[in-house]
$ cat model_35.cif   # mmCIF, C-alpha atoms and all ligand atoms
data_upload
#
loop_
_atom_site.label_atom_id
_atom_site.label_comp_id
_atom_site.auth_asym_id
_atom_site.auth_seq_id
_atom_site.Cartn_x
_atom_site.Cartn_y
_atom_site.Cartn_z
CA MET T 1 94.84 115.64 107.90
CA ALA T 2 92.96 113.84 105.18
CA GLU T 3 93.38 110.11 104.79
CA ALA T 4 95.63 108.95 101.94
CA ILE T 5 92.78 107.12 100.26
CA GLU T 6 89.06 107.22 101.01
CA LEU T 7 86.55 105.08 99.19
CA LYS T 8 83.00 106.29 99.76
CA ASN T 9 79.97 104.15 98.88
CA ILE T 10 81.75 102.61 95.92
CA THR T 11 79.90 100.20 93.69
CA LYS T 12 81.02 98.51 90.51
CA GLN T 13 78.74 96.67 88.16
CA TYR T 14 79.77 95.52 84.70
CA PRO T 15 77.19 96.21 82.01
CA GLY T 16 75.34 93.01 81.12
CA HIS T 17 76.49 91.28 84.33
CA GLY T 18 73.70 91.49 86.90
CA LYS T 19 75.71 91.01 90.08
CA HIS T 20 77.62 93.79 91.82
CA VAL T 21 81.34 93.11 91.73
CA VAL T 22 81.79 95.73 94.45
CA LYS T 23 78.83 96.81 96.51
CA ASP T 24 78.71 99.91 98.69
CA LEU T 25 82.34 99.77 99.79
CA ASN T 26 83.65 102.26 102.34
CA LEU T 27 87.35 102.10 103.18
CA ASP T 28 89.79 104.64 104.63
CA ILE T 29 93.52 104.13 104.25
CA SER T 30 95.78 106.24 106.43
CA ARG T 31 98.97 107.85 105.28
CA GLY T 32 102.16 105.82 105.71
CA GLU T 33 100.32 102.60 106.50
CA ILE T 34 100.45 99.24 104.80
CA VAL T 35 96.91 97.99 104.31
CA MET T 36 96.46 94.41 103.18
CA LEU T 37 93.34 93.36 101.24
CA ILE T 38 92.51 89.68 101.56
CA GLY T 39 89.52 87.60 100.51
CA PRO T 40 88.41 84.71 98.31
CA SER T 41 89.10 84.63 94.59
CA GLY T 42 86.68 86.79 92.62
CA CYS T 43 85.53 88.85 95.62
CA GLY T 44 86.66 92.12 94.00
CA LYS T 45 90.16 92.81 95.38
CA THR T 46 91.80 93.60 92.05
CA THR T 47 88.78 95.62 90.98
CA THR T 48 88.95 97.65 94.20
CA LEU T 49 92.67 98.28 93.78
CA LYS T 50 92.22 99.35 90.17
CA MET T 51 89.49 101.80 91.10
CA MET T 52 91.97 103.55 93.41
CA ASN T 53 93.99 104.70 90.41
CA ARG T 54 91.05 104.70 88.00
CA LEU T 55 92.26 101.88 85.83
CA ILE T 56 88.66 100.87 86.45
CA GLU T 57 85.93 103.48 86.87
CA PRO T 58 83.43 102.89 89.68
CA THR T 59 79.76 102.73 88.70
CA SER T 60 78.93 105.03 91.61
CA GLY T 61 80.51 106.50 94.72
CA SER T 62 83.54 108.68 95.19
CA ILE T 63 87.25 108.25 95.75
CA PHE T 64 89.46 110.75 97.53
CA VAL T 65 93.24 110.64 97.35
CA ASN T 66 94.94 112.93 99.86
CA GLY T 67 91.63 114.70 100.31
CA ALA T 68 91.02 115.44 96.63
CA ASP T 69 88.17 113.86 94.69
CA VAL T 70 89.97 111.94 91.95
CA THR T 71 86.94 111.41 89.79
CA THR T 72 87.69 114.93 88.57
CA THR T 73 91.46 114.40 88.14
CA ASP T 74 92.98 113.50 84.80
CA PRO T 75 93.34 109.69 85.14
CA THR T 76 96.74 109.68 83.45
CA GLU T 77 98.08 112.24 85.91
CA LEU T 78 96.61 110.26 88.77
CA ARG T 79 98.24 107.02 87.65
CA ARG T 80 101.63 108.66 87.48
CA SER T 81 101.30 109.73 91.10
CA ILE T 82 100.36 106.23 92.23
CA GLY T 83 102.76 103.32 91.79
CA TYR T 84 101.16 100.07 90.68
CA VAL T 85 102.53 96.53 90.78
CA ILE T 86 100.13 94.28 88.86
CA GLN T 87 99.07 90.74 89.66
CA GLN T 88 101.35 89.00 87.15
CA VAL T 89 104.39 91.35 87.39
CA GLY T 90 103.71 92.67 83.89
CA LEU T 91 107.15 93.81 82.80
CA PHE T 92 107.40 94.82 79.16
CA PRO T 93 109.13 91.74 77.69
CA HIS T 94 110.79 93.59 74.82
CA LEU T 95 112.28 96.28 77.09
CA ARG T 96 115.44 95.91 79.15
CA VAL T 97 115.24 96.10 82.95
CA GLY T 98 116.46 99.70 82.97
CA GLU T 99 113.88 100.70 80.36
CA ASN T 100 111.14 98.96 82.31
CA VAL T 101 112.07 100.85 85.47
CA SER T 102 112.22 104.19 83.65
CA ALA T 103 108.98 103.75 81.65
CA VAL T 104 107.02 106.30 83.69
CA LEU T 105 110.00 108.68 83.95
CA ARG T 106 110.23 108.83 80.17
CA LEU T 107 106.51 109.57 80.01
CA LEU T 108 107.15 112.35 82.50
CA LYS T 109 109.95 113.62 80.23
CA TRP T 110 112.68 113.52 82.85
CA PRO T 111 116.11 114.55 81.48
CA LYS T 112 118.15 111.57 80.33
CA ASN T 113 120.97 111.79 82.88
CA ARG T 114 118.48 112.04 85.74
CA ILE T 115 116.69 108.95 84.43
CA THR T 116 119.93 106.96 84.27
CA GLN T 117 120.75 107.93 87.82
CA ARG T 118 117.25 107.16 89.08
CA VAL T 119 117.17 103.71 87.47
CA ASP T 120 120.38 102.69 89.26
CA GLU T 121 119.12 104.14 92.50
CA MET T 122 115.88 102.14 92.23
CA LEU T 123 117.63 98.88 91.31
CA ASP T 124 119.92 99.36 94.32
CA LEU T 125 116.90 100.00 96.50
CA VAL T 126 115.31 96.65 95.60
CA GLY T 127 118.59 94.79 95.96
CA LEU T 128 119.56 94.31 92.31
CA ASP T 129 123.09 95.35 91.29
CA PRO T 130 122.47 97.88 88.48
CA SER T 131 125.63 96.94 86.57
CA LEU T 132 124.48 93.31 86.44
CA TYR T 133 120.79 93.75 85.79
CA ARG T 134 120.20 97.09 84.08
CA ASP T 135 120.61 95.73 80.55
CA ARG T 136 118.96 92.34 80.93
CA PHE T 137 115.61 91.41 79.44
CA PRO T 138 112.81 90.17 81.72
CA LYS T 139 113.14 86.62 80.39
CA GLU T 140 116.72 86.60 81.73
CA LEU T 141 115.47 87.09 85.31
CA SER T 142 114.15 84.75 87.97
CA GLY T 143 110.59 85.18 89.21
CA GLY T 144 111.76 86.98 92.34
CA GLN T 145 114.01 89.32 90.37
CA LYS T 146 111.09 90.20 88.08
CA GLN T 147 109.02 91.05 91.13
CA ARG T 148 111.79 93.37 92.33
CA VAL T 149 111.95 95.11 88.99
CA GLY T 150 108.18 95.52 89.16
CA VAL T 151 108.54 97.21 92.55
CA ALA T 152 111.44 99.37 91.33
CA ARG T 153 109.34 100.50 88.38
CA ALA T 154 106.35 101.32 90.56
CA LEU T 155 108.52 103.41 92.89
CA ALA T 156 110.61 105.20 90.25
CA ALA T 157 108.55 108.36 90.04
CA ASP T 158 108.46 108.57 93.84
CA PRO T 159 104.70 108.14 94.22
CA LEU T 160 103.12 108.75 97.60
CA ILE T 161 100.96 105.69 97.19
CA LEU T 162 101.89 102.22 96.07
CA LEU T 163 99.27 99.69 94.99
CA MET T 164 100.40 96.06 94.81
CA ASP T 165 98.29 93.17 93.54
CA GLU T 166 99.58 89.87 94.90
CA PRO T 167 103.12 91.10 94.27
CA PHE T 168 104.70 87.93 95.65
CA GLY T 169 102.09 85.47 94.43
CA ALA T 170 104.09 83.97 91.60
CA VAL T 171 107.31 83.06 93.43
CA ASP T 172 108.41 80.12 95.54
CA PRO T 173 107.91 80.35 99.33
CA ILE T 174 111.56 81.06 100.16
CA THR T 175 111.91 83.85 97.62
CA ARG T 176 108.58 85.17 98.82
CA SER T 177 109.86 85.37 102.41
CA HIS T 178 112.89 87.29 101.21
CA LEU T 179 110.78 89.69 99.18
CA GLN T 180 108.45 90.24 102.12
CA ALA T 181 111.41 91.07 104.35
CA GLU T 182 112.73 93.39 101.65
CA LEU T 183 109.41 95.19 101.41
CA LEU T 184 109.38 95.79 105.17
CA ARG T 185 112.94 97.09 105.05
CA LEU T 186 112.07 99.28 102.08
CA GLN T 187 109.00 100.65 103.82
CA ARG T 188 111.10 101.73 106.79
CA GLU T 189 113.13 103.78 104.30
CA ILE T 190 110.42 105.17 102.04
CA GLN T 191 107.32 105.36 104.28
CA LYS T 192 104.74 105.17 101.50
CA THR T 193 101.08 104.43 101.80
CA ILE T 194 100.83 100.88 100.49
CA VAL T 195 97.71 98.95 99.57
CA CYS T 196 98.56 95.33 98.90
CA VAL T 197 96.33 92.45 97.82
CA THR T 198 97.24 88.99 99.06
CA HIS T 199 95.59 85.61 99.46
CA ASP T 200 97.94 84.58 102.25
CA ILE T 201 96.81 85.47 105.78
CA ASP T 202 100.31 85.10 107.20
CA GLU T 203 101.61 87.54 104.61
CA ALA T 204 98.81 89.92 105.58
CA VAL T 205 99.71 89.60 109.28
CA LEU T 206 103.41 90.05 108.61
CA LEU T 207 103.20 93.05 106.31
CA GLY T 208 100.00 94.82 107.31
CA ASP T 209 99.48 97.67 109.71
CA LYS T 210 95.86 96.89 109.01
CA ILE T 211 94.06 94.07 107.23
CA ALA T 212 90.76 94.33 105.37
CA VAL T 213 89.05 90.96 105.00
CA PHE T 214 86.73 91.03 101.98
CA GLY T 215 83.72 88.80 101.51
CA THR T 216 81.53 88.55 98.40
CA SER T 217 81.23 91.78 96.38
CA ALA T 218 84.05 93.37 98.38
CA ARG T 219 81.95 93.42 101.53
CA ILE T 220 84.23 94.29 104.43
CA GLU T 221 83.93 91.51 106.97
CA GLN T 222 86.56 93.07 109.22
CA TYR T 223 89.09 95.90 109.01
CA ALA T 224 91.55 95.83 111.87
CA ALA T 225 95.17 95.57 112.97
CA PRO T 226 96.58 92.04 112.62
CA ALA T 227 96.69 91.32 116.36
CA GLU T 228 93.05 92.30 116.75
CA LEU T 229 91.95 90.34 113.70
CA LEU T 230 93.70 87.21 114.95
CA SER T 231 92.41 87.43 118.48
CA GLN T 232 88.96 88.85 117.79
CA PRO T 233 87.68 87.68 114.43
CA ALA T 234 84.45 89.59 113.78
CA ASN T 235 82.53 86.61 112.44
CA GLU T 236 82.73 83.05 111.21
CA PHE T 237 83.88 84.12 107.77
CA VAL T 238 86.95 85.84 109.22
CA GLU T 239 87.50 82.95 111.61
CA ASN T 240 87.64 80.54 108.70
CA PHE T 241 90.07 82.80 106.95
CA ILE T 242 92.52 82.93 109.81
CA GLY T 243 91.94 79.28 110.66
CA GLY T 244 94.92 78.31 108.60
CA SER T 245 97.20 80.95 110.03
CA ASN T 246 100.42 80.09 111.77
CA SER T 247 100.37 83.31 113.74
CA ILE T 248 98.08 82.26 116.58
CA ARG T 249 99.81 78.94 116.91
CA VAL T 250 103.15 80.71 117.05
CA LEU T 251 101.93 83.06 119.80
CA SER T 252 100.74 80.17 121.95
CA LEU T 253 104.22 78.68 121.70
CA LEU T 254 105.96 81.84 122.89
CA PRO T 255 106.35 81.94 126.67
CA VAL T 256 106.26 85.26 128.50
CA THR T 257 109.33 85.47 130.71
CA PRO T 258 109.91 88.12 133.44
CA ASP T 259 112.76 89.76 131.51
CA GLN T 260 110.39 90.58 128.64
CA LEU T 261 108.03 92.57 130.85
CA ARG T 262 108.13 96.34 130.82
CA PRO T 263 108.11 98.18 134.15
CA GLY T 264 105.14 100.31 133.10
CA ARG T 265 104.21 103.47 134.95
CA THR T 266 102.92 102.86 138.43
CA VAL T 267 101.18 104.97 141.05
CA ASP T 268 100.33 104.21 144.63
CA ALA T 269 96.66 103.30 144.93
CA GLY T 270 96.72 104.36 148.58
CA SER T 271 97.35 107.98 147.69
CA ASN T 272 94.33 109.78 146.30
CA THR T 273 95.10 109.71 142.61
CA GLY T 274 92.71 112.59 142.13
CA GLN T 275 95.20 114.82 143.95
CA HIS T 276 98.15 113.16 142.38
CA GLY T 277 99.23 116.23 140.49
CA VAL T 278 99.08 115.86 136.75
CA LEU T 279 98.71 112.25 135.70
CA ASP T 280 98.64 112.54 131.94
CA GLU T 281 99.65 108.98 131.17
CA ASP T 282 98.03 105.65 131.87
CA ALA T 283 99.45 103.98 134.93
CA ILE T 284 99.03 100.87 137.01
CA ALA T 285 97.81 101.51 140.54
CA LEU T 286 99.66 99.45 143.14
CA ASP T 287 98.16 98.59 146.48
CA ASN T 288 101.00 97.48 148.78
CA GLY T 289 102.95 96.40 145.72
CA ARG T 290 100.06 94.43 144.26
CA PRO T 291 98.34 95.65 141.10
CA ALA T 292 94.90 97.09 141.82
CA GLY T 293 94.05 98.19 138.31
CA TRP T 294 94.66 100.86 135.69
CA VAL T 295 94.34 104.60 136.13
CA PHE T 296 93.68 106.15 132.76
CA GLY T 297 95.50 109.47 132.97
CA SER T 298 95.29 109.91 129.21
CA ARG T 299 91.50 110.00 129.47
CA GLY T 300 91.63 112.37 132.41
CA ASP T 301 90.06 109.50 134.31
CA ARG T 302 91.30 109.16 137.88
CA GLU T 303 89.26 106.11 138.81
CA ILE T 304 91.12 102.89 139.38
CA THR T 305 89.60 100.17 137.20
CA THR T 306 89.48 96.66 138.51
CA THR T 307 91.30 94.34 136.21
CA GLU T 308 92.51 90.82 135.68
CA THR T 309 96.17 89.95 136.01
CA ILE T 310 98.20 87.00 134.82
CA PRO T 311 100.34 85.11 137.35
CA LEU T 312 103.77 84.31 135.91
CA ALA T 313 103.53 81.00 137.77
CA THR T 314 100.92 79.81 135.25
CA ARG T 315 103.65 79.82 132.55
CA PRO T 316 101.71 82.26 130.36
CA THR T 317 102.29 82.68 126.64
CA TYR T 318 101.96 85.67 124.32
CA ALA T 319 98.58 84.25 123.31
CA ASP T 320 97.37 84.64 126.91
CA ALA T 321 98.59 88.23 127.00
CA LEU T 322 96.87 89.02 123.70
CA ASP T 323 93.62 87.42 124.89
CA LEU T 324 93.61 89.55 128.03
CA ILE T 325 94.46 92.79 126.24
CA MET T 326 91.73 92.20 123.70
CA LYS T 327 89.20 91.25 126.35
CA THR T 328 89.86 94.26 128.58
CA GLY T 329 90.84 96.83 125.97
CA GLU T 330 93.62 97.92 128.32
CA PRO T 331 97.05 99.07 127.08
CA GLY T 332 98.82 95.95 128.29
CA ALA T 333 98.51 92.74 130.25
CA ILE T 334 99.60 92.97 133.88
CA PHE T 335 101.70 90.12 135.27
CA THR T 336 102.23 89.14 138.88
CA HIS T 337 104.81 87.16 140.85
CA ALA T 338 103.89 84.12 142.90
CA ASP T 339 103.16 86.27 145.97
CA GLY T 340 100.80 88.49 143.99
CA ALA T 341 103.30 91.35 143.71
CA TYR T 342 103.39 93.40 140.52
CA ALA T 343 105.90 92.04 137.98
CA GLY T 344 105.36 94.28 134.96
CA ILE T 345 103.34 94.54 131.81
CA LEU T 346 103.39 93.24 128.26
CA GLU T 347 102.06 95.83 125.85
CA LEU T 348 100.03 95.20 122.70
CA GLY T 349 102.91 96.54 120.59
CA GLN T 350 105.18 93.85 122.02
CA VAL T 351 102.70 91.13 121.03
CA HIS T 352 102.44 92.58 117.57
CA ALA T 353 106.23 92.76 117.26
CA ALA T 354 106.47 89.14 118.39
CA ILE T 355 104.08 88.06 115.63
CA ALA T 356 106.07 89.96 113.03
CA THR T 357 109.44 88.67 114.26
CA THR T 358 108.42 85.04 114.32
CA LEU T 359 107.01 85.25 110.81
CA GLU T 360 109.91 87.24 109.44
CA PRO T 361 112.47 85.22 107.52
CA ALA T 362 116.17 85.28 108.28
CA PRO T 363 118.12 88.11 106.63
CA MET T 364 119.07 87.47 103.04
CA MET T 365 122.43 85.97 102.32
CA ASP T 366 122.58 87.22 98.76
CA ALA T 367 120.65 90.38 98.10
CA ALA T 368 120.38 89.74 94.38
CA SER T 369 119.25 86.12 94.53
N1 LIG W 401 85.64 93.09 82.64
C1 LIG W 401 84.84 92.35 83.41
N2 LIG W 401 83.57 92.08 83.03
C2 LIG W 401 82.76 91.37 83.80
N3 LIG W 401 83.10 90.85 85.01
C3 LIG W 401 84.35 91.10 85.45
C4 LIG W 401 85.28 91.85 84.67
N4 LIG W 401 86.45 91.92 85.37
C5 LIG W 401 86.24 91.24 86.52
N5 LIG W 401 84.99 90.74 86.56
C6 LIG W 401 84.40 89.95 87.67
O1 LIG W 401 84.47 90.71 88.85
C7 LIG W 401 84.69 89.88 89.98
C8 LIG W 401 85.85 90.42 90.79
O2 LIG W 401 87.07 90.30 90.07
P1 LIG W 401 88.46 90.69 90.68
O3 LIG W 401 89.48 90.51 89.62
O4 LIG W 401 88.34 92.01 91.32
O5 LIG W 401 88.61 89.55 91.81
P2 LIG W 401 89.82 89.28 92.81
O6 LIG W 401 89.25 89.38 94.18
O7 LIG W 401 90.98 90.11 92.48
O8 LIG W 401 90.12 87.74 92.50
P3 LIG W 401 91.54 86.93 92.48
O9 LIG W 401 91.87 86.64 93.92
O10 LIG W 401 91.19 85.67 91.74
O11 LIG W 401 92.55 87.77 91.79
C9 LIG W 401 84.91 88.48 89.44
O12 LIG W 401 83.72 87.76 89.64
C10 LIG W 401 85.16 88.69 87.97
O13 LIG W 401 84.70 87.61 87.22
MG MG W 402 92.89 89.70 91.71
#

$ encode --input "model_35.cif" --output "structure tokens"
Amino acid sequence: MAEAIELKNITKQYPGHGKHVVKDLNLDISRGEIVMLIGPSGCGKTTTLKMMNRLIEPTSGSIFVNGADVTTTDPTELRRSIGYVIQQVGLFPHLRVGENVSAVLRLLKWPKNRITQRVDEMLDLVGLDPSLYRDRFPKELSGGQKQRVGVARALAADPLILLMDEPFGAVDPITRSHLQAELLRLQREIQKTIVCVTHDIDEAVLLGDKIAVFGTSARIEQYAAPAELLSQPANEFVENFIGGSNSIRVLSLLPVTPDQLRPGRTVDAGSNTGQHGVLDEDAIALDNGRPAGWVFGSRGDREITTTETIPLATRPTYADALDLIMKTGEPGAIFTHADGAYAGILELGQVHAAIATTLEPAPMMDAAS
């Protein structure tokens, strides 16, 4: 299946300005994922986002959306199929909330009763009571409420792709946490492909399935899942970027306790794993109850790898588990009891979930606040 968005050798140069704003950018965004773009001011994040829906035309290169080259699509059509939340919210000040949300639907000439219904549905979705907010003007809303209306508007026509440019940049930290939690909840419901610009690494870690760190001229310094980015920054530039992140610090404060370990799948190392019948999953080989290493059934590989294990007696933290997983590239970190016996594993997904949980704010008390 084609990727949701593919940027191929994209460059952008403004006439009369010598420097490339975007230089030879290649980026694939998979369907249903949240991809966070982060980088210093002026590095080309907004420009990149706007080229995805052709609000800005690239100087050269091609863009594919769901496998189709969009440089040949009618840009207006394209924009209607891609939701867009702009950097400064950008509600129409003279239009009521309901009219803002339905702007695209009216362009699409939806019947009136369907529009009314859809507006209420969208306001509900973003946690605004339609009867209270439908007829207000933007100036009668808080910053956070405006952001929600912006999201409701972008989602109204049910686009497959949602582009968001620092959607939570203009609100206070507490409201921002609530909106981030709302976005994650929403995404579980709607499963869109979301590309979101941020300047906050912790927001990127919390929301992103993947993070693209941009350097000058939208050069990709690293494009990876949050856990990998945090534990294996590709270079000094990325290291500096995540330097200020809470996430690593949080992980090193989280102890791994025996009850959190998963049993994993185990096989007896003494038996010849080659004749073990069908081993189609990865497993941990145990030698007299002690872990000997991994057997990669999924690769059809019957060799037992030698591996490092973490003794529970060393009071390990999630940071230790992440370090080991990243170093070995194995599916999880193996833990042992004091006598060397196998205790269980902590999988990469569990580390990732721990990062997300510790950064996630408490549930909202008042959905419309
Ligand atoms: N119309 C234009 N003409 C000339 N240069 C432009 C134009 N629009 C943007 N630029 C330049 O392109 C570069 C990238 O701008 P862009 O808005 O993409 O940055 P950004 O990464 O989104 O920054 P920020 O984090 O501050 O929003 C900047 O150096 C900017 O000055
Ligand atoms: Mg920008």

$ closest_atom_pairs --input "model_35.cif" --of "chain T" --to "ligand MG 402 (chain W)" --cutoff "12 Å" --atoms "all atoms listed in the file" --output "tab-separated table"
residue	atom	partner	partner_atom	distance
T:Leu37	CA	W:MG402	MG	10.2
T:Ile38	CA	W:MG402	MG	9.9
T:Gly39	CA	W:MG402	MG	9.7
T:Pro40	CA	W:MG402	MG	9.4
T:Ser41	CA	W:MG402	MG	7.0
T:Gly42	CA	W:MG402	MG	6.9
T:Cys43	CA	W:MG402	MG	8.4
T:Gly44	CA	W:MG402	MG	7.1
T:Lys45	CA	W:MG402	MG	5.5
T:Thr46	CA	W:MG402	MG	4.1
T:Thr47	CA	W:MG402	MG	7.2
T:Thr48	CA	W:MG402	MG	9.2
T:Leu49	CA	W:MG402	MG	8.8
T:Lys50	CA	W:MG402	MG	9.8
T:Val85	CA	W:MG402	MG	11.9
T:Ile86	CA	W:MG402	MG	9.0
T:Gln87	CA	W:MG402	MG	6.6
T:Gln88	CA	W:MG402	MG	9.6
T:Met164	CA	W:MG402	MG	10.3
T:Asp165	CA	W:MG402	MG	6.7
T:Glu166	CA	W:MG402	MG	7.4
T:Pro167	CA	W:MG402	MG	10.6
T:Gly169	CA	W:MG402	MG	10.5
T:Cys196	CA	W:MG402	MG	10.7
T:Val197	CA	W:MG402	MG	7.5
T:Thr198	CA	W:MG402	MG	8.6
T:His199	CA	W:MG402	MG	9.2
T:Ala218	CA	W:MG402	MG	11.7

$ residues_around --input "model_35.cif" --residues "segment 335-341 of chain T" --least-positions-apart "4" --cutoff "8 Å" --atoms "only C-alpha atoms" --output "PyMOL selection string"
chain T and resi 289-291+309-313+345-346

$ axis_aligned_box --input "model_35.cif" --around "ligand LIG 401 (chain W)" --padding-each-side "8 Å" --output "AutoDock Vina command-line options"
--center_x 87.7 --center_y 89.4 --center_z 88.4 --size_x 25.8 --size_y 23.4 --size_z 27.5

$ atom_distance --input "model_35.cif" --atom1 "atom CA of Gln145 of chain T" --atom2 "atom CA of Thr175 of chain T"
9.3 Å

$ residues_around --input "model_35.cif" --residues "segment 53-67 of chain T" --least-positions-apart "5" --cutoff "6 Å" --atoms "only C-alpha atoms" --output "PyMOL selection string"
chain T and resi 2-12+79

$ atom_distance --input "model_35.cif" --atom1 "atom CA of Val151 of chain T" --atom2 "atom CA of Val195 of chain T"
13.0 Å

$ residues_around --input "model_35.cif" --residues "Pro226 of chain T" --least-positions-apart "3" --cutoff "10 Å" --atoms "all atoms listed in the file" --output "VMD selection string"
chain T and resid 36 201 to 202 204 to 212 223 229 to 232 247 352 355 to 356

$ residues_around --input "model_35.cif" --residues "Arg134 of chain T" --least-positions-apart "4" --cutoff "10 Å" --atoms "all atoms listed in the file" --output "PyMOL selection string"
chain T and resi 96-101+116+119-120+123+128-130+149

$ residues_around --input "model_35.cif" --residues "Leu322 of chain T" --least-positions-apart "2" --cutoff "10 Å" --atoms "only C-alpha atoms" --output "MDAnalysis selection string"
chainID T and resid 227:228 230:232 248 251:252 317:320 324:327 332:333 346:348 350:352

$ atom_distance --input "model_35.cif" --atom1 "atom CA of Trp110 of chain T" --atom2 "atom CA of Gly83 of chain T"
16.8 Å

$ closest_residue --input "model_35.cif" --among "T:Ala292, T:Ile190, T:Ile334, T:Ala103" --to "Arg80 of chain T" --atoms "all atoms listed in the file"
T:Ala103

$ closest_residue --input "model_35.cif" --among "T:Gly150, T:Pro159, T:Gly90, T:Gly215" --to "ligand LIG 401 (chain W)" --atoms "only C-alpha atoms and all ligand atoms"
T:Gly215

$ closest_residue --input "model_35.cif" --among "T:Glu221, T:Asp200, T:Glu33, T:Asp24" --to "ligand LIG 401 (chain W)" --atoms "all atoms listed in the file"
T:Asp200

$ residues_near_point --input "model_35.cif" --point "(109.8, 82.2, 131.0)" --cutoff "10 Å" --atoms "only C-alpha atoms" --output "ChimeraX atom specification"
/T:254-260,312-313,315-317

$ closest_residue --input "model_35.cif" --among "T:Ala283, T:Val213, T:Leu184, T:Leu78" --to "ligand LIG 401 (chain W)" --atoms "all atoms listed in the file"
T:Val213

$ closest_residue --input "model_35.cif" --among "T:Leu179, T:Val70, T:Leu132, T:Val22" --to "ligand LIG 401 (chain W)" --atoms "only C-alpha atoms and all ligand atoms"
T:Val22

$ closest_residue --input "model_35.cif" --among "T:Lys19, T:Leu91, T:Leu27, T:Leu107" --to "Ile220 of chain T" --atoms "only C-alpha atoms"
T:Leu27

$ residues_near_point --input "model_35.cif" --point "(100.2, 101.9, 143.2)" --cutoff "9 Å" --atoms "only C-alpha atoms" --output "VMD selection string"
chain T and resid 266 to 271 283 to 293
